[in-house]
Amino acid sequence: MKVEKNKVVAIAYELHVDDGENGKEFFEKVSKDTPFYFLFGAGNILPKLEEAIEGKAAGEGFELFIDFENGYGDYDESKKVIVPKSNFKENGQKQKNLLKVGKVIPMKDDQGNQLRGEIIKIDYKGVHMDFNSPLAGLDLYFKGEIVSIREAEPEEIDHGHVHGPGGHHH
């Protein structure tokens, strides 16, 4: 079986990043024991990564460089915002465990899009958050392997993401 549209693909990889000043640095490793699963062709991974693995079989390796423009884009200062502390209350109570510098919080914008925001500071103005990807502004170096490929279930195709082991559960 080959990597193609509507297949559930599992990959293991090592990712190094380069900010253009400090050279390549290790960022993360996803092992064969706990691979990353995704629905191929559903727009869930970087287009350049999809291009690099399309047509490959389980056991085949891949290696690629993705510059920041084709990765997560440049770091955008306008994605740093101050959110009122009142937005973090639940049942009228402050969520002290939630409001900690460095904490990453899943949120939604006005249109209902999922966002990931990191708390970078808390002061009298509110909660300062950064909605840039942690990989924004970085060149990416992937080296990995296709761990497995399977047919996607009709429900996975309808939902545009993987269900079950390694994927999203409803």
# chains A, B, ... in the order shown; residues from 1 in each chain; ligands from 1

$ residues_around --residues "A:Glu63" --least-positions-apart "5" --cutoff "8 Å" --atoms "only C-alpha atoms" --output "JSON, numbers by chain"
{"A": [52, 141, 142, 143, 144]}

$ residues_around --residues "A:Asn22" --least-positions-apart "6" --cutoff "12 Å" --atoms "only C-alpha atoms" --output "list in words"
His16, Leu138 and Asp139 of chain A

$ write_last_selection --atoms "C-alpha atoms" --output "PDB file, in the first residue's frame"
ATOM      1  CA  HIS A  16      15.436  19.955  13.740  1.00  0.00           C
ATOM      2  CA  LEU A 138      11.880  28.576  11.675  1.00  0.00           C
ATOM      3  CA  ASP A 139      13.267  26.471   8.835  1.00  0.00           C
TER       4      ASP A 139
END

$ select_by_dssp --residues "stretch 17-127 of chain A" --states "helix (DSSP H, G or I)" --output "PyMOL selection string"
chain A and resi 47-53+68-70+77-79+85-88

$ write_last_selection --atoms "N, CA and C atoms" --output "PDB file, in the first residue's frame"
ATOM      1  N   PRO A  47       1.886  21.081   3.484  1.00  0.00           N
ATOM      2  CA  PRO A  47       1.828  20.603   2.098  1.00  0.00           C
ATOM      3  C   PRO A  47       3.165  20.035   1.595  1.00  0.00           C
ATOM      4  N   LYS A  48       4.280  20.653   1.967  1.00  0.00           N
ATOM      5  CA  LYS A  48       5.595  20.161   1.504  1.00  0.00           C
ATOM      6  C   LYS A  48       5.910  18.788   2.093  1.00  0.00           C
ATOM      7  N   LEU A  49       5.455  18.534   3.322  1.00  0.00           N
ATOM      8  CA  LEU A  49       5.662  17.213   3.933  1.00  0.00           C
ATOM      9  C   LEU A  49       4.796  16.190   3.208  1.00  0.00           C
ATOM     10  N   GLU A  50       3.574  16.551   2.893  1.00  0.00           N
ATOM     11  CA  GLU A  50       2.708  15.641   2.118  1.00  0.00           C
ATOM     12  C   GLU A  50       3.355  15.298   0.779  1.00  0.00           C
ATOM     13  N   GLU A  51       3.863  16.312   0.089  1.00  0.00           N
ATOM     14  CA  GLU A  51       4.517  16.086  -1.214  1.00  0.00           C
ATOM     15  C   GLU A  51       5.678  15.102  -1.085  1.00  0.00           C
ATOM     16  N   ALA A  52       6.452  15.238  -0.006  1.00  0.00           N
ATOM     17  CA  ALA A  52       7.647  14.417   0.175  1.00  0.00           C
ATOM     18  C   ALA A  52       7.339  12.948   0.432  1.00  0.00           C
ATOM     19  N   ILE A  53       6.185  12.652   1.028  1.00  0.00           N
ATOM     20  CA  ILE A  53       5.901  11.249   1.372  1.00  0.00           C
ATOM     21  C   ILE A  53       4.883  10.589   0.443  1.00  0.00           C
ATOM     22  N   PHE A  68      10.930  28.499   6.204  1.00  0.00           N
ATOM     23  CA  PHE A  68       9.850  29.007   7.053  1.00  0.00           C
ATOM     24  C   PHE A  68       8.668  29.528   6.254  1.00  0.00           C
ATOM     25  N   GLU A  69       8.918  30.068   5.036  1.00  0.00           N
ATOM     26  CA  GLU A  69       7.807  30.575   4.226  1.00  0.00           C
ATOM     27  C   GLU A  69       6.845  29.460   3.850  1.00  0.00           C
ATOM     28  N   ASN A  70       7.365  28.258   3.636  1.00  0.00           N
ATOM     29  CA  ASN A  70       6.539  27.103   3.265  1.00  0.00           C
ATOM     30  C   ASN A  70       6.182  26.236   4.467  1.00  0.00           C
ATOM     31  N   GLU A  77       4.171  39.587  14.923  1.00  0.00           N
ATOM     32  CA  GLU A  77       3.953  40.328  16.175  1.00  0.00           C
ATOM     33  C   GLU A  77       2.470  40.609  16.430  1.00  0.00           C
ATOM     34  N   SER A  78       1.677  40.708  15.356  1.00  0.00           N
ATOM     35  CA  SER A  78       0.251  41.015  15.536  1.00  0.00           C
ATOM     36  C   SER A  78      -0.522  39.842  16.137  1.00  0.00           C
ATOM     37  N   LYS A  79       0.117  38.681  16.227  1.00  0.00           N
ATOM     38  CA  LYS A  79      -0.535  37.521  16.852  1.00  0.00           C
ATOM     39  C   LYS A  79      -0.285  37.468  18.356  1.00  0.00           C
ATOM     40  N   LYS A  85      -8.563  39.251  31.762  1.00  0.00           N
ATOM     41  CA  LYS A  85      -8.561  38.152  32.735  1.00  0.00           C
ATOM     42  C   LYS A  85      -9.960  37.571  32.926  1.00  0.00           C
ATOM     43  N   SER A  86     -10.968  38.391  32.755  1.00  0.00           N
ATOM     44  CA  SER A  86     -12.349  37.925  32.940  1.00  0.00           C
ATOM     45  C   SER A  86     -12.719  36.811  31.953  1.00  0.00           C
ATOM     46  N   ASN A  87     -12.027  36.737  30.808  1.00  0.00           N
ATOM     47  CA  ASN A  87     -12.291  35.673  29.826  1.00  0.00           C
ATOM     48  C   ASN A  87     -11.891  34.293  30.347  1.00  0.00           C
ATOM     49  N   PHE A  88     -11.142  34.255  31.423  1.00  0.00           N
ATOM     50  CA  PHE A  88     -10.641  32.979  31.949  1.00  0.00           C
ATOM     51  C   PHE A  88     -11.385  32.537  33.205  1.00  0.00           C
TER      52      PHE A  88
END

$ closest_residue --among "A:Val83, A:Val3, A:Val30, A:Ala58" --to "A:Val147" --atoms "only C-alpha atoms"
A:Ala58

$ closest_residue --among "A:Arg116, A:Lys96, A:Lys80, A:Lys2" --to "A:Met129" --atoms "only C-alpha atoms"
A:Lys80

$ residues_around --residues "A:Phe27" --least-positions-apart "2" --cutoff "10 Å" --atoms "only C-alpha atoms" --output "ChimeraX atom specification"
/A:14-18,24-25,29,135,140-141

$ write_last_selection --atoms "C-alpha atoms" --output "PDB file, in the first residue's frame"
ATOM      1  CA  GLU A  14      13.046  13.682  14.062  1.00  0.00           C
ATOM      2  CA  LEU A  15      12.641  17.415  13.560  1.00  0.00           C
ATOM      3  CA  HIS A  16      15.436  19.955  13.740  1.00  0.00           C
ATOM      4  CA  VAL A  17      14.805  23.676  13.346  1.00  0.00           C
ATOM      5  CA  ASP A  18      16.937  26.661  12.335  1.00  0.00           C
ATOM      6  CA  LYS A  24      20.175  23.626  13.403  1.00  0.00           C
ATOM      7  CA  GLU A  25      18.796  22.623  16.789  1.00  0.00           C
ATOM      8  CA  LYS A  29      11.313  13.238  18.053  1.00  0.00           C
ATOM      9  CA  LEU A 135       7.572  26.830  14.672  1.00  0.00           C
ATOM     10  CA  LEU A 140      12.359  22.803   9.350  1.00  0.00           C
ATOM     11  CA  TYR A 141      14.498  19.709   8.773  1.00  0.00           C
TER      12      TYR A 141
END

$ residues_around --residues "A:Gly102" --least-positions-apart "2" --cutoff "7 Å" --atoms "only C-alpha atoms" --output "list in words"
Lys100, Val104, Glu118, Ile119 and Ile120 of chain A

$ write_last_selection --atoms "N, CA, C and O atoms" --output "compact mmCIF listing (two decimals), in the first residue's frame"
# COMPACT_ATOMS: atom_id res chain seq x y z
N LYS A 100 -0.95 30.57 34.06
CA LYS A 100 0.47 30.46 34.42
C LYS A 100 1.29 30.75 33.17
O LYS A 100 1.00 30.25 32.07
N VAL A 104 0.09 26.62 27.59
CA VAL A 104 -0.52 26.70 26.26
C VAL A 104 -1.99 26.32 26.41
O VAL A 104 -2.32 25.28 26.97
N GLU A 118 -0.15 30.72 23.82
CA GLU A 118 0.76 30.55 24.96
C GLU A 118 0.75 31.81 25.80
O GLU A 118 0.86 32.92 25.28
N ILE A 119 0.60 31.62 27.11
CA ILE A 119 0.64 32.76 28.03
C ILE A 119 2.09 33.19 28.18
O ILE A 119 2.96 32.40 28.57
N ILE A 120 2.36 34.46 27.83
CA ILE A 120 3.74 34.95 27.91
C ILE A 120 3.94 35.94 29.06
O ILE A 120 5.06 36.19 29.47

$ closest_residue --among "A:Ala42, A:Tyr13, A:Ala57, A:Glu90" --to "A:His159" --atoms "only C-alpha atoms"
A:Ala42

$ atom_distance --atom1 "atom CA of A:Ile11" --atom2 "atom CA of A:Glu151"
15.2 Å

$ atom_distance --atom1 "atom CA of A:Glu4" --atom2 "atom CA of A:Gly137"
29.2 Å

$ select_by_dssp --residues "stretch 37-111 of chain A" --states "strand (DSSP E or B)" --output "JSON, numbers by chain"
{"A": [37, 38, 39, 57, 61, 62, 63, 64, 65, 66, 80, 81, 82, 83, 89, 90, 93, 94, 104, 105, 106, 107, 108]}

$ closest_residue --among "A:Glu54, A:Glu156, A:Asp130, A:Asp33" --to "A:Gly117" --atoms "only C-alpha atoms"
A:Asp130

$ atom_distance --atom1 "atom CA of A:Arg150" --atom2 "atom CA of A:Tyr72"
27.8 Å

$ closest_residue --among "A:Phe40, A:Phe65, A:Tyr124, A:Tyr75" --to "A:Lys7" --atoms "only C-alpha atoms"
A:Phe40

$ decode --residues "stretch 120-145 of chain A" --atoms "N, CA and C atoms" --output "mmCIF file, in the first residue's frame"
data_model
loop_
_atom_site.group_PDB
_atom_site.id
_atom_site.type_symbol
_atom_site.label_atom_id
_atom_site.label_comp_id
_atom_site.auth_asym_id
_atom_site.auth_seq_id
_atom_site.Cartn_x
_atom_site.Cartn_y
_atom_site.Cartn_z
ATOM 1 N N ILE A 120 2.365 34.463 27.826
ATOM 2 C CA ILE A 120 3.743 34.953 27.909
ATOM 3 C C ILE A 120 3.939 35.938 29.064
ATOM 4 N N LYS A 121 2.821 36.461 29.603
ATOM 5 C CA LYS A 121 2.921 37.417 30.711
ATOM 6 C C LYS A 121 1.522 37.650 31.265
ATOM 7 N N ILE A 122 1.443 37.924 32.556
ATOM 8 C CA ILE A 122 0.171 38.292 33.180
ATOM 9 C C ILE A 122 0.433 39.541 34.013
ATOM 10 N N ASP A 123 -0.352 40.586 33.774
ATOM 11 C CA ASP A 123 -0.187 41.807 34.559
ATOM 12 C C ASP A 123 -1.538 42.518 34.706
ATOM 13 N N TYR A 124 -1.502 43.750 35.154
ATOM 14 C CA TYR A 124 -2.732 44.495 35.396
ATOM 15 C C TYR A 124 -3.545 44.726 34.117
ATOM 16 N N LYS A 125 -2.893 44.665 32.940
ATOM 17 C CA LYS A 125 -3.598 44.868 31.669
ATOM 18 C C LYS A 125 -4.405 43.634 31.265
ATOM 19 N N GLY A 126 -3.941 42.469 31.709
ATOM 20 C CA GLY A 126 -4.612 41.225 31.350
ATOM 21 C C GLY A 126 -3.622 40.098 31.116
ATOM 22 N N VAL A 127 -4.061 39.116 30.342
ATOM 23 C CA VAL A 127 -3.240 37.941 30.035
ATOM 24 C C VAL A 127 -2.637 38.145 28.646
ATOM 25 N N HIS A 128 -1.323 38.282 28.597
ATOM 26 C CA HIS A 128 -0.618 38.483 27.334
ATOM 27 C C HIS A 128 -0.402 37.109 26.705
ATOM 28 N N MET A 129 -0.925 36.942 25.481
ATOM 29 C CA MET A 129 -0.855 35.636 24.829
ATOM 30 C C MET A 129 -0.220 35.756 23.449
ATOM 31 N N ASP A 130 0.471 34.700 23.056
ATOM 32 C CA ASP A 130 1.112 34.613 21.748
ATOM 33 C C ASP A 130 0.443 33.478 20.972
ATOM 34 N N PHE A 131 -0.195 33.825 19.854
ATOM 35 C CA PHE A 131 -0.901 32.847 19.034
ATOM 36 C C PHE A 131 -0.089 32.403 17.816
ATOM 37 N N ASN A 132 1.194 32.739 17.768
ATOM 38 C CA ASN A 132 2.064 32.229 16.714
ATOM 39 C C ASN A 132 2.314 30.743 16.965
ATOM 40 N N SER A 133 2.530 29.997 15.897
ATOM 41 C CA SER A 133 2.969 28.614 16.057
ATOM 42 C C SER A 133 4.352 28.642 16.704
ATOM 43 N N PRO A 134 4.684 27.648 17.545
ATOM 44 C CA PRO A 134 6.048 27.617 18.095
ATOM 45 C C PRO A 134 7.089 27.417 16.997
ATOM 46 N N LEU A 135 6.653 27.035 15.794
ATOM 47 C CA LEU A 135 7.572 26.830 14.672
ATOM 48 C C LEU A 135 7.577 28.003 13.692
ATOM 49 N N ALA A 136 6.869 29.085 14.013
ATOM 50 C CA ALA A 136 6.849 30.265 13.141
ATOM 51 C C ALA A 136 8.255 30.849 13.030
ATOM 52 N N GLY A 137 8.627 31.213 11.822
ATOM 53 C CA GLY A 137 9.928 31.834 11.587
ATOM 54 C C GLY A 137 11.093 30.865 11.541
ATOM 55 N N LEU A 138 10.810 29.573 11.637
ATOM 56 C CA LEU A 138 11.880 28.576 11.675
ATOM 57 C C LEU A 138 11.897 27.723 10.410
ATOM 58 N N ASP A 139 13.107 27.456 9.902
ATOM 59 C CA ASP A 139 13.267 26.471 8.835
ATOM 60 C C ASP A 139 13.210 25.097 9.486
ATOM 61 N N LEU A 140 12.597 24.135 8.796
ATOM 62 C CA LEU A 140 12.359 22.803 9.350
ATOM 63 C C LEU A 140 13.148 21.744 8.591
ATOM 64 N N TYR A 141 13.759 20.833 9.348
ATOM 65 C CA TYR A 141 14.498 19.709 8.773
ATOM 66 C C TYR A 141 13.894 18.424 9.324
ATOM 67 N N PHE A 142 13.184 17.697 8.470
ATOM 68 C CA PHE A 142 12.558 16.436 8.859
ATOM 69 C C PHE A 142 13.386 15.266 8.351
ATOM 70 N N LYS A 143 13.527 14.247 9.188
ATOM 71 C CA LYS A 143 14.102 12.967 8.769
ATOM 72 C C LYS A 143 13.244 11.911 9.438
ATOM 73 N N GLY A 144 12.640 11.032 8.621
ATOM 74 C CA GLY A 144 11.731 10.077 9.230
ATOM 75 C C GLY A 144 11.456 8.866 8.375
ATOM 76 N N GLU A 145 10.402 8.169 8.765
ATOM 77 C CA GLU A 145 10.030 6.922 8.117
ATOM 78 C C GLU A 145 8.519 6.747 8.157
#
